[in-house]
Each structure stands twice: as C-alpha cells, then as structure tokens.
file protein20.csv (CSV, C-alpha atoms and all ligand atoms)
chain,number,residue,atom,x,y,z
A,1,MET,CA,-17.9,-9.5,-20.5
A,2,THR,CA,-17.7,-8.3,-16.9
A,3,LYS,CA,-20.3,-9.8,-14.5
A,4,PRO,CA,-22.9,-7.0,-14.0
A,5,ASN,CA,-22.3,-6.7,-10.3
A,6,LEU,CA,-18.5,-6.2,-10.7
A,7,PRO,CA,-16.8,-2.9,-11.8
A,8,GLY,CA,-15.6,-2.7,-15.4
A,9,LYS,CA,-12.3,-1.0,-14.4
A,10,VAL,CA,-10.1,-0.9,-11.3
A,11,ARG,CA,-7.0,1.1,-10.3
A,12,ILE,CA,-4.0,-1.0,-9.1
A,13,VAL,CA,-1.6,0.8,-6.8
A,14,GLU,CA,1.8,-0.9,-6.9
A,15,VAL,CA,3.3,-0.8,-3.4
A,16,GLY,CA,6.2,-3.2,-3.9
A,17,PRO,CA,9.0,-0.5,-3.8
A,18,ARG,CA,7.8,0.6,-0.3
A,19,ASP,CA,5.7,-2.0,1.5
A,20,GLY,CA,7.5,-4.8,-0.4
A,21,LEU,CA,11.0,-3.7,0.3
A,22,GLN,CA,10.8,-2.0,3.7
A,23,ASN,CA,11.2,-5.2,5.6
A,24,GLU,CA,14.3,-6.6,3.8
A,25,GLN,CA,17.2,-7.1,6.1
A,26,ALA,CA,20.1,-6.6,3.7
A,27,THR,CA,20.4,-3.1,2.3
A,28,ILE,CA,19.1,-2.9,-1.2
A,29,PRO,CA,21.1,-0.5,-3.4
A,30,ALA,CA,19.2,2.6,-4.6
A,31,ASP,CA,20.1,1.5,-8.1
A,32,VAL,CA,17.9,-1.6,-7.7
A,33,LYS,CA,15.0,0.3,-6.3
A,34,VAL,CA,15.2,2.9,-9.1
A,35,GLU,CA,15.3,0.2,-11.7
A,36,LEU,CA,12.3,-1.6,-10.2
A,37,ILE,CA,10.2,1.6,-10.1
A,38,ASP,CA,11.2,2.5,-13.7
A,39,ARG,CA,10.1,-0.9,-14.8
A,40,LEU,CA,6.8,-0.6,-13.0
A,41,THR,CA,6.3,2.9,-14.6
A,42,ARG,CA,6.8,1.4,-18.0
A,43,ALA,CA,4.4,-1.5,-17.2
A,44,GLY,CA,1.7,1.2,-17.0
A,45,PHE,CA,0.8,1.6,-13.3
A,46,PRO,CA,-1.1,4.8,-12.6
A,47,ASN,CA,0.1,5.0,-9.0
A,48,ILE,CA,3.3,3.6,-7.4
A,49,GLU,CA,4.1,3.8,-3.7
A,50,ALA,CA,7.8,4.5,-4.2
A,51,ALA,CA,9.2,5.7,-0.8
A,52,SER,CA,8.8,6.2,2.9
A,53,PHE,CA,10.0,9.3,4.8
A,54,VAL,CA,10.0,7.6,8.2
A,55,SER,CA,12.8,7.5,10.8
A,56,PRO,CA,15.7,5.5,9.4
A,57,LYS,CA,16.2,4.1,13.0
A,58,TRP,CA,12.8,2.5,12.8
A,59,VAL,CA,12.9,1.4,9.1
A,60,PRO,CA,16.5,1.4,7.9
A,61,GLN,CA,15.7,0.1,4.4
A,62,MET,CA,13.8,3.2,3.5
A,63,ALA,CA,16.7,5.5,4.3
A,64,THR,CA,17.5,5.9,0.6
A,65,SER,CA,14.0,7.4,-0.2
A,66,THR,CA,15.3,10.8,-1.1
A,67,GLU,CA,17.9,9.4,-3.5
A,68,VAL,CA,15.4,7.0,-5.1
A,69,MET,CA,12.8,9.8,-5.7
A,70,ALA,CA,15.5,12.0,-7.2
A,71,ARG,CA,16.6,9.3,-9.7
A,72,ILE,CA,13.4,7.7,-10.9
A,73,GLN,CA,12.2,8.5,-14.4
A,74,ARG,CA,8.7,9.9,-13.8
A,75,LYS,CA,6.0,9.5,-16.4
A,76,PRO,CA,3.6,12.4,-16.6
A,77,GLY,CA,0.3,11.5,-15.0
A,78,VAL,CA,1.7,8.7,-12.8
A,79,VAL,CA,1.2,9.4,-9.1
A,80,TYR,CA,4.4,8.6,-7.0
A,81,SER,CA,3.3,8.2,-3.3
A,82,ALA,CA,5.3,8.1,-0.1
A,83,LEU,CA,4.5,7.3,3.5
A,84,VAL,CA,4.8,10.3,5.9
A,85,PRO,CA,4.4,9.9,9.7
A,86,ASN,CA,4.9,13.5,10.8
A,87,ILE,CA,5.9,17.0,9.7
A,88,LYS,CA,9.5,16.1,9.5
A,89,GLY,CA,8.7,13.4,7.0
A,90,PHE,CA,6.4,15.8,5.1
A,91,GLU,CA,9.3,18.3,4.6
A,92,ALA,CA,11.5,15.5,3.2
A,93,ALA,CA,8.6,14.2,1.0
A,94,LEU,CA,7.9,17.7,-0.3
A,95,ALA,CA,11.6,18.3,-1.2
A,96,ALA,CA,11.6,14.9,-2.9
A,97,ARG,CA,8.7,16.0,-5.1
A,98,VAL,CA,6.3,13.3,-4.0
A,99,ASP,CA,2.8,13.5,-5.6
A,100,GLU,CA,0.8,11.9,-2.9
A,101,VAL,CA,1.4,11.9,0.9
A,102,VAL,CA,0.3,8.8,2.7
A,103,ILE,CA,-0.5,9.1,6.4
A,104,PHE,CA,-0.8,5.8,8.1
A,105,GLY,CA,-3.0,5.2,11.2
A,106,ALA,CA,-4.3,2.0,12.7
A,107,ALA,CA,-7.6,0.5,13.9
A,108,SER,CA,-5.7,-1.1,16.8
A,109,GLU,CA,-4.2,0.9,19.7
A,110,ALA,CA,-1.5,-1.7,20.3
A,111,PHE,CA,-0.3,-1.5,16.7
A,112,SER,CA,-0.3,2.3,16.7
A,113,GLN,CA,2.0,2.3,19.6
A,114,LYS,CA,4.4,-0.3,18.1
A,115,ASN,CA,4.4,1.1,14.6
A,116,ILE,CA,4.5,4.9,15.2
A,117,ASN,CA,5.0,5.2,18.9
A,118,CYS,CA,1.8,7.0,19.8
A,119,SER,CA,-1.9,6.4,20.5
A,120,ILE,CA,-4.5,6.6,17.7
A,121,ALA,CA,-5.7,9.9,19.0
A,122,GLU,CA,-2.1,11.3,19.1
A,123,SER,CA,-1.5,10.0,15.6
A,124,ILE,CA,-4.6,11.9,14.2
A,125,GLU,CA,-3.3,15.1,15.8
A,126,ARG,CA,0.1,14.6,14.0
A,127,PHE,CA,-1.6,13.6,10.8
A,128,ALA,CA,-3.9,16.7,10.9
A,129,GLU,CA,-0.7,18.9,10.8
A,130,VAL,CA,0.6,16.8,7.9
A,131,ALA,CA,-2.8,17.0,6.2
A,132,ARG,CA,-2.9,20.8,6.4
A,133,ALA,CA,0.6,21.1,4.9
A,134,THR,CA,-0.2,18.6,2.2
A,135,LYS,CA,-3.3,20.5,1.1
A,136,ALA,CA,-1.5,23.9,1.3
A,137,HIS,CA,1.0,22.5,-1.3
A,138,GLY,CA,-1.8,21.1,-3.5
A,139,LEU,CA,-0.7,17.5,-3.1
A,140,ARG,CA,-2.9,14.5,-2.8
A,141,LEU,CA,-3.5,13.0,0.6
A,142,ARG,CA,-4.2,9.3,1.3
A,143,GLY,CA,-4.8,7.7,4.6
A,144,ALA,CA,-4.1,4.1,5.6
A,145,VAL,CA,-6.0,2.2,8.3
A,146,SER,CA,-3.7,-0.7,9.4
A,147,CYS,CA,-5.0,-3.7,11.2
A,148,ALA,CA,-8.6,-3.2,10.0
A,149,PHE,CA,-9.3,-6.9,10.4
A,150,GLY,CA,-6.8,-8.1,13.1
A,151,CYS,CA,-3.8,-7.0,15.0
A,152,PRO,CA,-0.5,-8.9,15.7
A,153,TYR,CA,-0.5,-7.6,19.3
A,154,GLN,CA,-4.1,-7.3,20.4
A,155,GLY,CA,-5.8,-10.0,18.2
A,156,ALA,CA,-9.3,-9.3,17.1
A,157,VAL,CA,-10.3,-5.8,16.0
A,158,PRO,CA,-14.0,-4.8,15.8
A,159,ALA,CA,-15.2,-3.5,12.4
A,160,GLN,CA,-16.3,-0.4,14.3
A,161,ALA,CA,-12.7,0.5,15.1
A,162,ALA,CA,-11.8,0.7,11.4
A,163,ALA,CA,-14.9,2.7,10.7
A,164,ASP,CA,-14.0,5.1,13.5
A,165,VAL,CA,-10.5,5.8,12.0
A,166,VAL,CA,-11.9,6.2,8.5
A,167,ARG,CA,-14.2,9.0,9.8
A,168,ARG,CA,-11.2,10.7,11.5
A,169,LEU,CA,-9.1,10.4,8.4
A,170,ARG,CA,-12.0,11.8,6.3
A,171,ASP,CA,-12.4,14.7,8.7
A,172,ILE,CA,-8.8,15.8,8.3
A,173,GLY,CA,-9.1,15.8,4.5
A,174,CYS,CA,-8.0,12.4,3.1
A,175,ASP,CA,-8.8,12.1,-0.6
A,176,GLU,CA,-8.5,8.3,-0.5
A,177,ILE,CA,-8.5,5.8,2.4
A,178,ASP,CA,-6.9,2.3,2.4
A,179,ILE,CA,-8.5,-0.5,4.4
A,180,ALA,CA,-5.5,-2.6,5.2
A,181,ASP,CA,-5.2,-6.2,6.4
A,182,THR,CA,-1.7,-5.7,7.7
A,183,ILE,CA,-1.3,-9.3,8.8
A,184,GLY,CA,-3.5,-11.0,6.2
A,185,VAL,CA,-6.0,-12.7,8.5
A,186,ALA,CA,-9.2,-11.5,7.0
A,187,THR,CA,-11.7,-13.8,5.2
A,188,PRO,CA,-14.4,-12.5,2.8
A,189,ASN,CA,-17.2,-12.2,5.3
A,190,MET,CA,-15.0,-10.0,7.5
A,191,VAL,CA,-14.1,-7.9,4.5
A,192,VAL,CA,-17.8,-7.4,3.6
A,193,ASP,CA,-18.6,-6.5,7.2
A,194,VAL,CA,-15.9,-3.8,7.4
A,195,MET,CA,-16.4,-2.5,3.8
A,196,GLU,CA,-20.1,-2.1,4.3
A,197,GLN,CA,-19.5,-0.1,7.5
A,198,VAL,CA,-16.9,2.3,6.0
A,199,ILE,CA,-18.8,2.8,2.8
A,200,ARG,CA,-21.5,4.6,4.9
A,201,ASP,CA,-19.0,7.2,5.9
A,202,PHE,CA,-16.7,7.6,2.9
A,203,PRO,CA,-17.3,7.5,-0.9
A,204,VAL,CA,-16.8,3.9,-2.1
A,205,SER,CA,-14.9,5.2,-5.2
A,206,GLN,CA,-12.2,6.6,-2.9
A,207,LEU,CA,-11.7,3.5,-0.8
A,208,SER,CA,-9.0,0.9,-1.5
A,209,GLY,CA,-8.3,-2.6,-0.4
A,210,HIS,CA,-4.8,-3.3,0.9
A,211,PHE,CA,-4.5,-7.1,1.5
A,212,HIS,CA,-1.5,-9.0,2.7
A,213,ASP,CA,-1.6,-12.7,1.8
A,214,THR,CA,-0.4,-14.4,5.0
A,215,TYR,CA,-3.2,-16.9,5.1
A,216,GLY,CA,-3.7,-17.1,1.4
A,217,GLN,CA,-7.0,-15.2,1.4
A,218,ALA,CA,-6.1,-12.0,-0.4
A,219,LEU,CA,-7.6,-12.8,-3.8
A,220,ALA,CA,-10.8,-14.0,-2.2
A,221,ASN,CA,-10.9,-10.8,-0.2
A,222,ILE,CA,-10.3,-8.8,-3.3
A,223,TYR,CA,-13.2,-10.6,-5.0
A,224,ALA,CA,-15.4,-9.8,-2.0
A,225,SER,CA,-14.4,-6.2,-2.1
A,226,LEU,CA,-15.2,-6.0,-5.8
A,227,GLU,CA,-18.7,-7.2,-5.0
A,228,CYS,CA,-18.9,-4.3,-2.5
A,229,GLY,CA,-17.9,-1.9,-5.3
A,230,ILE,CA,-14.3,-1.2,-4.3
A,231,THR,CA,-12.3,-0.2,-7.3
A,232,ILE,CA,-8.8,0.5,-6.0
A,233,TYR,CA,-6.4,-2.3,-4.9
A,234,HIS,CA,-2.9,-2.4,-3.6
A,235,SER,CA,-0.5,-5.1,-4.5
A,236,SER,CA,3.2,-5.9,-4.6
A,237,VAL,CA,5.1,-7.2,-7.5
A,238,ALA,CA,6.4,-10.7,-6.9
A,239,GLY,CA,4.4,-10.7,-3.6
A,240,LEU,CA,7.3,-8.9,-1.9
A,241,GLY,CA,7.0,-7.6,1.6
A,242,GLY,CA,5.8,-7.6,5.2
A,243,CYS,CA,5.7,-5.0,7.9
A,244,PRO,CA,8.7,-4.7,10.3
A,245,TYR,CA,6.1,-4.1,13.1
A,246,ALA,CA,4.0,-7.2,12.2
A,247,LYS,CA,6.2,-10.2,12.7
A,248,GLY,CA,5.3,-13.2,10.7
A,249,ALA,CA,3.1,-11.3,8.3
A,250,THR,CA,3.9,-12.0,4.7
A,251,GLY,CA,3.8,-9.7,1.7
A,252,ASN,CA,1.0,-8.0,0.0
A,253,VAL,CA,-1.0,-10.0,-2.5
A,254,ALA,CA,1.2,-10.4,-5.6
A,255,THR,CA,0.4,-7.9,-8.4
A,256,GLU,CA,0.8,-10.5,-11.1
A,257,ASP,CA,-1.9,-12.7,-9.4
A,258,VAL,CA,-4.2,-9.7,-9.1
A,259,LEU,CA,-3.7,-8.7,-12.8
A,260,TYR,CA,-4.4,-12.3,-13.9
A,261,LEU,CA,-7.6,-12.3,-11.8
A,262,MET,CA,-8.7,-9.0,-13.3
A,263,GLN,CA,-7.9,-10.2,-16.8
A,264,GLY,CA,-10.0,-13.3,-16.3
A,265,LEU,CA,-12.9,-11.2,-14.9
A,266,GLY,CA,-12.7,-8.8,-17.9
A,267,ILE,CA,-11.9,-5.9,-15.6
A,268,GLU,CA,-9.6,-3.3,-17.1
A,269,THR,CA,-6.4,-2.2,-15.4
A,270,GLY,CA,-4.4,-0.6,-18.1
A,271,ILE,CA,-1.3,-2.5,-17.0
A,272,ASP,CA,0.8,-4.9,-19.0
A,273,LEU,CA,1.0,-8.2,-17.1
A,274,ASP,CA,4.0,-9.4,-19.1
A,275,GLN,CA,6.1,-6.4,-18.1
A,276,VAL,CA,5.1,-6.9,-14.5
A,277,VAL,CA,6.2,-10.5,-14.6
A,278,GLU,CA,9.6,-9.3,-15.9
A,279,ALA,CA,9.8,-6.7,-13.2
A,280,GLY,CA,8.9,-9.5,-10.7
A,281,GLN,CA,11.7,-11.7,-12.0
A,282,PHE,CA,14.1,-8.8,-11.9
A,283,ILE,CA,13.5,-7.9,-8.3
A,284,SER,CA,13.4,-11.6,-7.2
A,285,ALA,CA,16.8,-12.1,-8.9
A,286,ALA,CA,18.2,-9.0,-7.2
A,287,LEU,CA,17.0,-10.3,-3.8
A,288,GLY,CA,18.3,-13.8,-4.5
A,289,ARG,CA,15.1,-15.7,-4.1
A,290,LYS,CA,12.1,-16.9,-6.0
A,291,SER,CA,9.0,-14.8,-6.6
A,292,THR,CA,6.0,-15.8,-4.5
A,293,SER,CA,3.6,-14.8,-7.3
A,294,ARG,CA,1.9,-18.0,-8.5
A,295,ALA,CA,0.8,-16.3,-11.8
A,296,GLY,CA,4.2,-14.6,-12.2
A,297,ASN,CA,6.1,-17.9,-11.8
A,298,ALA,CA,3.7,-19.8,-14.1
A,299,ILE,CA,4.0,-17.2,-16.8
A,300,ALA,CA,7.8,-17.0,-16.5
A,301,ALA,CA,8.0,-20.9,-16.7
A,302,LYS,CA,5.8,-21.1,-19.7
A,303,ARG,CA,8.0,-18.4,-21.4
A,304,ALA,CA,11.2,-20.3,-20.6
A,305,ALA,CA,9.9,-23.6,-21.9
A,401,LIG,P1,9.7,8.5,17.7
A,401,LIG,O1,11.0,7.8,18.1
A,401,LIG,O2,8.6,8.5,18.7
A,401,LIG,O3,10.0,9.9,17.1
A,401,LIG,O4,9.2,7.7,16.4
A,401,LIG,P2,10.7,11.2,17.6
A,401,LIG,O5,9.9,12.4,17.1
A,401,LIG,O6,10.9,11.1,19.1
A,401,LIG,O7,12.1,11.1,16.9
A,401,LIG,C1,13.1,10.2,17.1
A,401,LIG,C2,14.2,10.3,16.1
A,401,LIG,O8,13.7,10.0,14.8
A,401,LIG,C3,14.8,11.7,16.0
A,401,LIG,O9,16.2,11.6,15.6
A,401,LIG,C4,14.0,12.3,14.9
A,401,LIG,O10,14.7,13.4,14.3
A,401,LIG,C5,13.9,11.2,13.9
A,401,LIG,P3,17.4,11.7,16.7
A,401,LIG,O11,17.2,13.1,17.3
A,401,LIG,O12,17.1,10.6,17.7
A,401,LIG,O13,18.6,11.6,15.9
A,401,LIG,N1,12.7,11.3,13.1
A,401,LIG,C6,12.7,11.2,11.8
A,401,LIG,N2,13.8,11.0,10.9
A,401,LIG,C7,13.4,10.9,9.6
A,401,LIG,N3,12.2,11.1,9.1
A,401,LIG,C8,11.1,11.3,9.9
A,401,LIG,C9,11.4,11.3,11.3
A,401,LIG,N4,10.6,11.5,12.4
A,401,LIG,C10,11.4,11.5,13.5
A,401,LIG,N5,9.9,11.4,9.5
A,401,LIG,C11,8.1,7.8,14.3
A,401,LIG,C12,8.1,8.1,15.7
A,401,LIG,C13,6.7,8.0,13.7
A,401,LIG,C14,9.1,8.8,13.6
A,401,LIG,C15,8.6,6.3,14.1
A,401,LIG,O14,7.8,5.5,14.9
A,401,LIG,C16,8.6,5.9,12.7
A,401,LIG,O15,9.3,6.3,11.8
A,401,LIG,N6,7.7,4.8,12.4
A,401,LIG,C17,7.6,4.3,11.1
A,401,LIG,C18,7.2,2.9,11.1
A,401,LIG,C19,7.0,2.3,9.7
A,401,LIG,O16,7.4,2.9,8.7
A,401,LIG,N7,6.3,1.2,9.7
A,401,LIG,C20,6.0,0.5,8.4
A,401,LIG,C21,5.0,1.2,7.6
A,401,LIG,S1,3.3,0.9,8.1
A,401,LIG,C22,2.9,-0.4,7.1
A,401,LIG,O17,3.7,-1.0,6.5
A,401,LIG,C23,1.4,-0.7,7.0
A,401,LIG,C24,0.8,-0.3,5.7
A,401,LIG,O18,1.4,-1.0,4.6
A,401,LIG,C25,-0.7,-0.7,5.7
A,401,LIG,C26,-0.9,-2.1,6.2
A,401,LIG,O19,-0.5,-3.1,5.6
A,401,LIG,O20,-1.5,-2.1,7.3
A,401,LIG,C27,0.9,1.2,5.4
A,402,MG,MG,1.0,-3.1,4.1
call {"tool": "encode", "arguments": {"input": "protein20.csv", "output": "structure tokens"}}
result
Amino acid sequence: MTKPNLPGKVRIVEVGPRDGLQNEQATIPADVKVELIDRLTRAGFPNIEAASFVSPKWVPQMATSTEVMARIQRKPGVVYSALVPNIKGFEAALAARVDEVVIFGAASEAFSQKNINCSIAESIERFAEVARATKAHGLRLRGAVSCAFGCPYQGAVPAQAAADVVRRLRDIGCDEIDIADTIGVATPNMVVDVMEQVIRDFPVSQLSGHFHDTYGQALANIYASLECGITIYHSSVAGLGGCPYAKGATGNVATEDVLYLMQGLGIETGIDLDQVVEAGQFISAALGRKSTSRAGNAIAAKRAA
C-alpha cells in the first residue's frame, strides 16, 4: 500500500546514456552506447535520454549521437530524448529522429556562461527559436533548469532564480520542466522550498526532479519531492555521470537505487529492476569500474552468491 500522501505511480527518465556518459574521458564506442540503450529499452523505461546534439568541441563524448540514434532499436511508445542547445543542434536532432528536444538553461548566470557560453537571457532567446522549430515539427519539448539549488561557480542560488527560469521556459512552450541539482548540494528542505515555488507557475504533473548524488542526498531529495507531488524523476543506471562544466559533481542518483526505493514504497514504475541491474553491470564492465549503485551492487552480489 502506498502512503496516502505519496503518488501511486511515477515516471522514471533514464539519463545514463547522456548525462551519465557525457563526462567520460575515454571515447566510448557507439556499439557500447547502443547496447546500453537497447538494454534500457528492454527493461521498460518509458523515456530514455539517449543523445546530445551539442558542439563536439565542448563535449567530445557526445559526438557519436547521430550514429547512436540511427542504430538503437526503438520500441514504439518509448520517448528517446536529446539535448539541443541551439538551432544547429535542432537540425541534427530532427534528422536523427529524436522524439523529445531538451533545451537546457540554468538558474545561475555563471553556470549559463560556462556551460553554454551565453547569459540566461540570451539562452532563452536561442531556446525560443528551438522551441518554435520543435513545435512546428510536432515534437515534445522539455526544458532543464540547471543549478536550481546551487552553482559550482557562484555558490548559493536563491529559489526565486529557479522559479524565474521555469516561467521563461513555460512561456516559450515547454511541455515538461526539470528542476536540476547539477552539483548534488540540495537537502530536502531546500527541495521543498524550490518545488513549492515552481508548482505555483507550472503544473506539478509536468515537473521533474533531476538529482545528482554528490553529497548523498538524492534519495532523500526524491522523497521530499514525492511529498510535494512530483511524479517524474531522472536517474542514471549504475550512478554514471557528472557534468563537464561542474567539476567534482558526481553522477545522477543511481536508477537501481531509485527503483528499489519506489518498490519499497509501493509506487509503480513499470520498469524491471533486475534488467536494470544487468544493464548497470554491463556498462560498468565496459567502463572498467564498479557501479556506484548501492542497490545494484547488492542485488548483483546476492545473485552471484
Ligand atoms: P559557442 O562556442 O559559443 O558556439 O558554444 P558557436 O555558435 O560560436 O559555435 C562554435 C563552434 O561550435 C562552431 O564550429 C559551430 O559550428 C559549432 P566551428 O565553426 O568552430 O567549427 N557548433 C555546433 N556543433 C555541433 N552541434 C551544435 C553546435 N553549435 C555550435 N549544436 C554551444 C555554444 C552552446 C554550442 C556550446 O557551449 C555547447 O555545445 N555547450 C554544451 C555544453 C554541454 O553539453 N554541457 C553538458 C550538458 S548540461 C548538463 O549536463 C546539465 C543537465 O544534466 C541538468 C543538470 O544536471 O543540471 C542537463
Ligand atoms: Mg545532470
């Protein structure tokens, strides 16, 4: 039985193939990325962030995005998303048959400059052009608000700053908006503070929580978001990841850990945890290191015993 104040069902967006892999130094072959995405598709994710059409000079690891999108085995109904910073990225994403375009802004001016080389106001102008093109082609549009709780360059970020970017992304037509803790510094009270503000301006059913786990607070932050009524969460298989423009930040919360939490709470996800554990072991072996998912490693160890 789900507790009455928690949702009965959530949507988990798997971001490992993009957020998880973008920061890897050694080039990961397209074969490995395709295999990972296909495994995640089979595990039952309704939405996979599969690629990023950004400048390969800025994020070299994502340079294989066109090839990866061409080779994955798509399951009907699954939404394959990709990051798009500008109209050039949009053209590439469109050609690659992306289902959902993700524009990514920030609540911090300093991070906006470091990550996409422009101010928040300039980014919204660029995104508005991408938004118009996305809608004209009948694709879904998602907006991310990075550094909603703290910034690696400017430090504290007021809750009002995230709320302001949410309104701007809403006004250019985003169907869904991610509240992102890029550097994993938030704690539950901060999360409630920001979520309560943004819910006033954007439907709660279309908001998502994107938590990195740098300070080990991600699951607590997800629980706090559940209590606020948020029903969409991003996570990364094996806890992969980090942002190239947020040094020291670790990966997203591990998908296996989130699924284990949801199972325990009686919240439906439609995803097969065992298959995700296998996908996590696969990508960890391919990268030559141990998964950082606590639940994933525990389940794999139990299986091997
Ligand atoms: P810029 O240097 O200001 O761009 O970068 P530009 O327009 O002057 O172009 C420079 C060069 O890049 C040109 O090539 C362009 O053609 C090329 P050159 O003439 O020098 O050969 N270029 C592109 N190539 C391919 N695809 C494109 C593209 N655009 C320009 N789309 C730009 C501006 C936005 C392009 C750059 O800053 C960029 O690509 N940034 C991306 C950074 C990034 O991907 N960061 C990680 C993702 S954000 C994140 O992880 C946070 C998130 O997970 C949420 C969270 O946790 O907070 C989403
Ligand atoms: Mg991220």
call {"tool": "residues_near_ligand", "arguments": {"input": "protein20.csv", "ligand": "ligand MG 402 (chain A)", "cutoff": "8 Å", "atoms": "only C-alpha atoms and all ligand atoms", "output": "list in words"}}
result
Asp19, Ser146, Ala180, Asp181, Thr182, His210, Phe211, His212, Gly241, Gly242, Cys243, Gly251 and Asn252 of chain A
call {"tool": "closest_residue", "arguments": {"input": "protein20.csv", "among": "A:Ile72, A:Leu265, A:Cys118, A:Val78", "to": "Asp38 (chain A)", "atoms": "all atoms listed in the file"}}
result
A:Ile72
call {"tool": "residues_near_ligand", "arguments": {"input": "protein20.csv", "ligand": "ligand LIG 401 (chain A)", "cutoff": "8 Å", "atoms": "only C-alpha atoms and all ligand atoms", "output": "VMD selection string"}}
result
chain A and resid 19 22 52 to 59 83 to 90 92 104 106 114 to 118 144 to 148 178 to 183 210 to 212 242 to 245 252
call {"tool": "residues_around", "arguments": {"input": "protein20.csv", "residues": "Asn221 (chain A)", "least_positions_apart": "2", "cutoff": "12 Å", "atoms": "only C-alpha atoms", "output": "number ranges by chain"}}
result
A: 149, 179-181, 184-195, 208-213, 215-219, 223-228, 230, 233, 253, 258
call {"tool": "closest_residue", "arguments": {"input": "protein20.csv", "among": "A:Gly248, A:Gly138, A:Gly239, A:Pro76", "to": "Tyr153 (chain A)", "atoms": "all atoms listed in the file"}}
result
A:Gly248
call {"tool": "residues_near_point", "arguments": {"input": "protein20.csv", "point": "(16.1, 4.9, -6.0)", "cutoff": "7 Å", "atoms": "only C-alpha atoms", "output": "list in words"}}
result
Ala30, Asp31, Val32, Lys33, Val34, Thr64, Ser65, Glu67, Val68, Met69, Arg71 and Ile72 of chain A
call {"tool": "closest_residue", "arguments": {"input": "protein20.csv", "among": "A:Ile103, A:Ala26, A:Ala136, A:Ile283", "to": "Leu240 (chain A)", "atoms": "all atoms listed in the file"}}
result
A:Ile283
call {"tool": "residues_around", "arguments": {"input": "protein20.csv", "residues": "Asn47 (chain A)", "least_positions_apart": "6", "cutoff": "6 Å", "atoms": "all atoms listed in the file", "output": "VMD selection string"}}
result
chain A and resid 13 78 to 80
call {"tool": "write_last_selection", "arguments": {"input": "protein20.csv", "atoms": "C-alpha atoms", "output": "compact mmCIF listing (two decimals), in the frame of the given file"}}
result
# COMPACT_ATOMS: atom_id res chain seq x y z
CA VAL A 13 -1.60 0.80 -6.80
CA VAL A 78 1.70 8.70 -12.80
CA VAL A 79 1.20 9.40 -9.10
CA TYR A 80 4.40 8.60 -7.00
call {"tool": "residues_near_point", "arguments": {"input": "protein20.csv", "point": "(1.9, 18.9, -0.5)", "cutoff": "10 Å", "atoms": "only C-alpha atoms", "output": "list in words"}}
result
Phe90, Glu91, Ala93, Leu94, Ala95, Arg97, Val98, Asp99, Glu100, Val101, Val130, Ala131, Arg132, Ala133, Thr134, Lys135, Ala136, His137, Gly138, Leu139, Arg140 and Leu141 of chain A
call {"tool": "atom_distance", "arguments": {"input": "protein20.csv", "atom1": "CA of Glu129 (chain A)", "atom2": "CA of Asn23 (chain A)"}}
result
27.4 Å
call {"tool": "closest_residue", "arguments": {"input": "protein20.csv", "among": "A:Glu49, A:Glu24, A:Glu256, A:Asp272", "to": "Ser293 (chain A)", "atoms": "only C-alpha atoms"}}
result
A:Glu256
call {"tool": "residues_around", "arguments": {"input": "protein20.csv", "residues": "Asp201 (chain A)", "least_positions_apart": "2", "cutoff": "10 Å", "atoms": "all atoms listed in the file", "output": "list in words"}}
result
Ala163, Asp164, Val166, Arg167, Arg170, Glu196, Gln197, Val198, Ile199, Pro203 and Val204 of chain A
call {"tool": "atom_distance", "arguments": {"input": "protein20.csv", "atom1": "CA of Gln263 (chain A)", "atom2": "CA of Gly296 (chain A)"}}
result
13.7 Å
call {"tool": "atom_distance", "arguments": {"input": "protein20.csv", "atom1": "CA of Arg303 (chain A)", "atom2": "CA of Asp274 (chain A)"}}
result
10.1 Å
call {"tool": "closest_residue", "arguments": {"input": "protein20.csv", "among": "A:Val15, A:Met262, A:Ala301, A:Ile172", "to": "Val277 (chain A)", "atoms": "all atoms listed in the file"}}
result
A:Ala301
